[in-house]
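Inspection log for the structure reproduced underneath, given as structure tokens.
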Amino acid sequence: MDRHDDVPILNQQPQLQQKKCHGNRRNQRFRRKCRAHKMKPTKMEKLIKKRNCIHKKNQKNNFIRRTTNTNIELTIRKNNQSQPITTTTDLNKRKRDISLQELSKTNITIPETTSSISIVQLSSKKMKNLSKTITNPIINANNSDMNRNTNYRRPMYLTRSSHILCQILNKTLNYSLKKKDEQQFIYLQLELLDQQYCLERDQELWQSYLDIGIQQHIWPDQLYTMAKTNDFDLCKEYLMNYIQNIKKQLNQYQLELAKQQFRTCPIIELSFEQIEHRLKELVNRERKYLSKRNNKQLIKFNDDIYEKDLFKTISTYFPKTNEQDDYTNELITIRQKQAEIWQEQLMLEMRILCKFLPQNFNHLENFIAPIAYLPLNNNEKIVAVKNKHYKIIQEGKRIWLNYFLNIYEIKLQEYEEQYQNKFNKLESQLLDKSIINGHTIGVSPEPYLDLISNPFNKRQWNYLSLGPSYIRLNQSAIRPKSQQLTGIKDEHKDIYKKVENHLVEKPHCIPRTKPIFKEYSNHLLDYLNHSYFTPLPYKDQLQALEQAQIVGSIRQIIKNMDLIIRLTDKGHNFYIGLAIEFEKKIEKFFSDTNAFIELSYNPFNEILDKVIELLNKLYSKKLIWKWQYEEMMPDRTKCELAHLYFNPKTHKDGIPVRPIENTIHASTTKISKLLDKI
């Protein structure tokens, strides 16, 4: 028989040489993107150097992690290594002709070359140990997968940036990890404790399943499907074997942790018990979601058992007739249709939250006439026309969206009425006998942009769309320690002073010399230190850093383009426009109203001296009490001149401004506060 291998080499066509890639492909791709954004070559090279430095650091840290992971896998799987295999096959034959089945039947030892090891070791995974006695074939077949080590998905704080993980570990241990052997020791310990924590939570969950099932003497259908049997005892045995397998894995990790304890710890300043205790706190904080997930699964497990038990009792006490079966099927179909409508409504609500409306909403823009004409050499009118067109489309989509939501509510109400009618009839018988298009206009509140083009990218615009009432997450946690200490000092002083002044006055009248004030001050300081210096979870820290970078980039754009950002009048969003245009609106307001005059000098000292002189006169003539005099007296270090600021009225044509007078820190503020009390 002819073989293709016998064809002469001369008849084969010469292979074409592949083109070599000169330079780093990663840097070439980055340069291509920078050129697309029209970036200068000097700036491009600076960014590439910075990027390569960060990449080298990450490679070093990832190497440390990989070594720790391999050490864990080698130590745990040490007992599962394959034995050498003997064969009687002719060694002169080609290796590809030796099949795995033939290798398992032969008796000669193959020399351990690199190629032979790669072929032989696969057979040990497929070999079955037939010498063991099989007690129950169903349970052994179902537990074949459980005998393998359960590899849990590694959490985000162990897989993402090692630089942030190192910062978290420094705060957790209260010790800076600078040496590689210290980092490697801590990473290995952290990996082991993380896997141990997951196994413990998993063991608790399955033990709860077993206890509830034995107590109720019933299992959910899902568990019968997993065990591949309908017998109660076999399902119970399946659960017990699963828990036993988890215990074996837990013992392996506990042995590894015990070996870690006897190794020489590179960190001399901390004991092994302190390191283990603090790392356990870190794992518990990062993996807290596992307990919540287990609680939800237990609730679902109990609900499934209750549903099955209830159905069993109803079917025994009330034997079904054909008519009752029809009613039951109708009730099930009504609920299924209702669930479909709920799902569609939920999908629409989630799309609204994610700012991705359904595709049929885009057709509304085709009904509204596009902007066919724009005035020449008049930027104000161009921006006003564009914003008006945008607002018409947005309002139209909001009306259409409310109409859709009302339709869902009406349909759900109709199905609910049908369900109640059918259910009442059945009860009387028993008693007798959701392609996304991301570039469309949404309905969520957004900043009012008084510009021809949008200078912000998507992330910056989404952050500005959160509005002025949004508070940035964990701002103090990412600040330097010196700033955190200053913040603790200021907060402590402010809170303590308010509490002390309240307790000294009537009706408490506690003297300031009492030791309770000192105790309260120490407790308050400890609480603030704990709140400020407790390490954040990895996800929260990433989110805080990302939001800080977005805010910094927004400020840089506003500064470079000479923009102004203000709160809108009678609105809950921002106004963004050119500072020069906003100044023109203010000048127009002054010229139209003639209600305000711009001062050529600062009258702050003059006003403050007059207020102090007036209060001194009233006190010298005994027209006011001493406590009133002290409460109304302005503080020169904290007072400032009252001033005007303006908020734009975006809901009106031409966007006029509303003047607001700021007198919070004026010289007469304390007098007005006392008069308000009277």
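Quick note on naming: the chains in the structure tokens go A, B, ... in the order shown, residues restart at 1 in each chain, and ligands are numbered from 1 in order of appearance.
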Ile305 (chain A) surroundings by only C-alpha atoms, 7 Å radius, close-in-sequence under 3 positions cut, as a PyMOL selection string: chain A and resi 218-220+301-302+308-309
Distance query Val385 (chain A) at most 10 Å, only C-alpha atoms, self and fewer than 3 positions along chain excluded, as a PyMOL selection string: chain A and resi 371+373-375+379-382+388-391
Residues near Leu223 (chain A), cut-off 12 Å, only C-alpha atoms, skip fewer than 2 positions along chain, as a ChimeraX atom specification: /A:142,206,209-210,213,218-221,225-232,234-239,301,304-305
Who sits within 10 Å of Phe404 (chain A), only C-alpha atoms, same chain under 5 positions skipped, as number ranges by chain: A: 345, 348, 398-399, 409
Within 10 Å of region 169-182 of chain A: each region 495-607 of chain A residue with its shortest pair, only C-alpha atoms, as CSV:
residue,atom,partner,partner_atom,distance
A:Phe533,CA,A:Lys171,CA,7.6
A:Thr534,CA,A:Lys171,CA,7.7
A:Pro535,CA,A:Lys171,CA,6.1
A:Leu536,CA,A:Lys171,CA,9.5
Same residues, N, CA and C atoms, output as a PDB file, in the first residue's frame:
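Written file, again_23.pdb:
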ATOM      1  N   PHE A 533      -7.377  53.920  58.946  1.00  0.00           N
ATOM      2  CA  PHE A 533      -6.254  53.050  58.596  1.00  0.00           C
ATOM      3  C   PHE A 533      -6.641  51.592  58.391  1.00  0.00           C
ATOM      4  N   THR A 534      -7.948  51.241  58.477  1.00  0.00           N
ATOM      5  CA  THR A 534      -8.370  49.883  58.139  1.00  0.00           C
ATOM      6  C   THR A 534      -8.231  49.690  56.629  1.00  0.00           C
ATOM      7  N   PRO A 535      -7.528  48.638  56.180  1.00  0.00           N
ATOM      8  CA  PRO A 535      -7.341  48.450  54.724  1.00  0.00           C
ATOM      9  C   PRO A 535      -8.667  48.214  54.018  1.00  0.00           C
ATOM     10  N   LEU A 536      -8.769  48.811  52.838  1.00  0.00           N
ATOM     11  CA  LEU A 536      -9.978  48.641  52.021  1.00  0.00           C
ATOM     12  C   LEU A 536      -9.934  47.306  51.289  1.00  0.00           C
TER      13      LEU A 536
END
Separation of CA of Leu290 (chain A) from CA of Arg201 (chain A), in Å and rounded to one decimal: 7.2 Å
CA of Ile565 (chain A) to CA of Leu464 (chain A), straight-line distance in Å: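 A separation of 10.3 Å between them.
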Pairwise distance for CA of Pro648 (chain A) and CA of Lys386 (chain A), rounded to one decimal in Å: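 According to the coordinates, CA of Pro648 (chain A) and CA of Lys386 (chain A) are separated by 17.6 Å.
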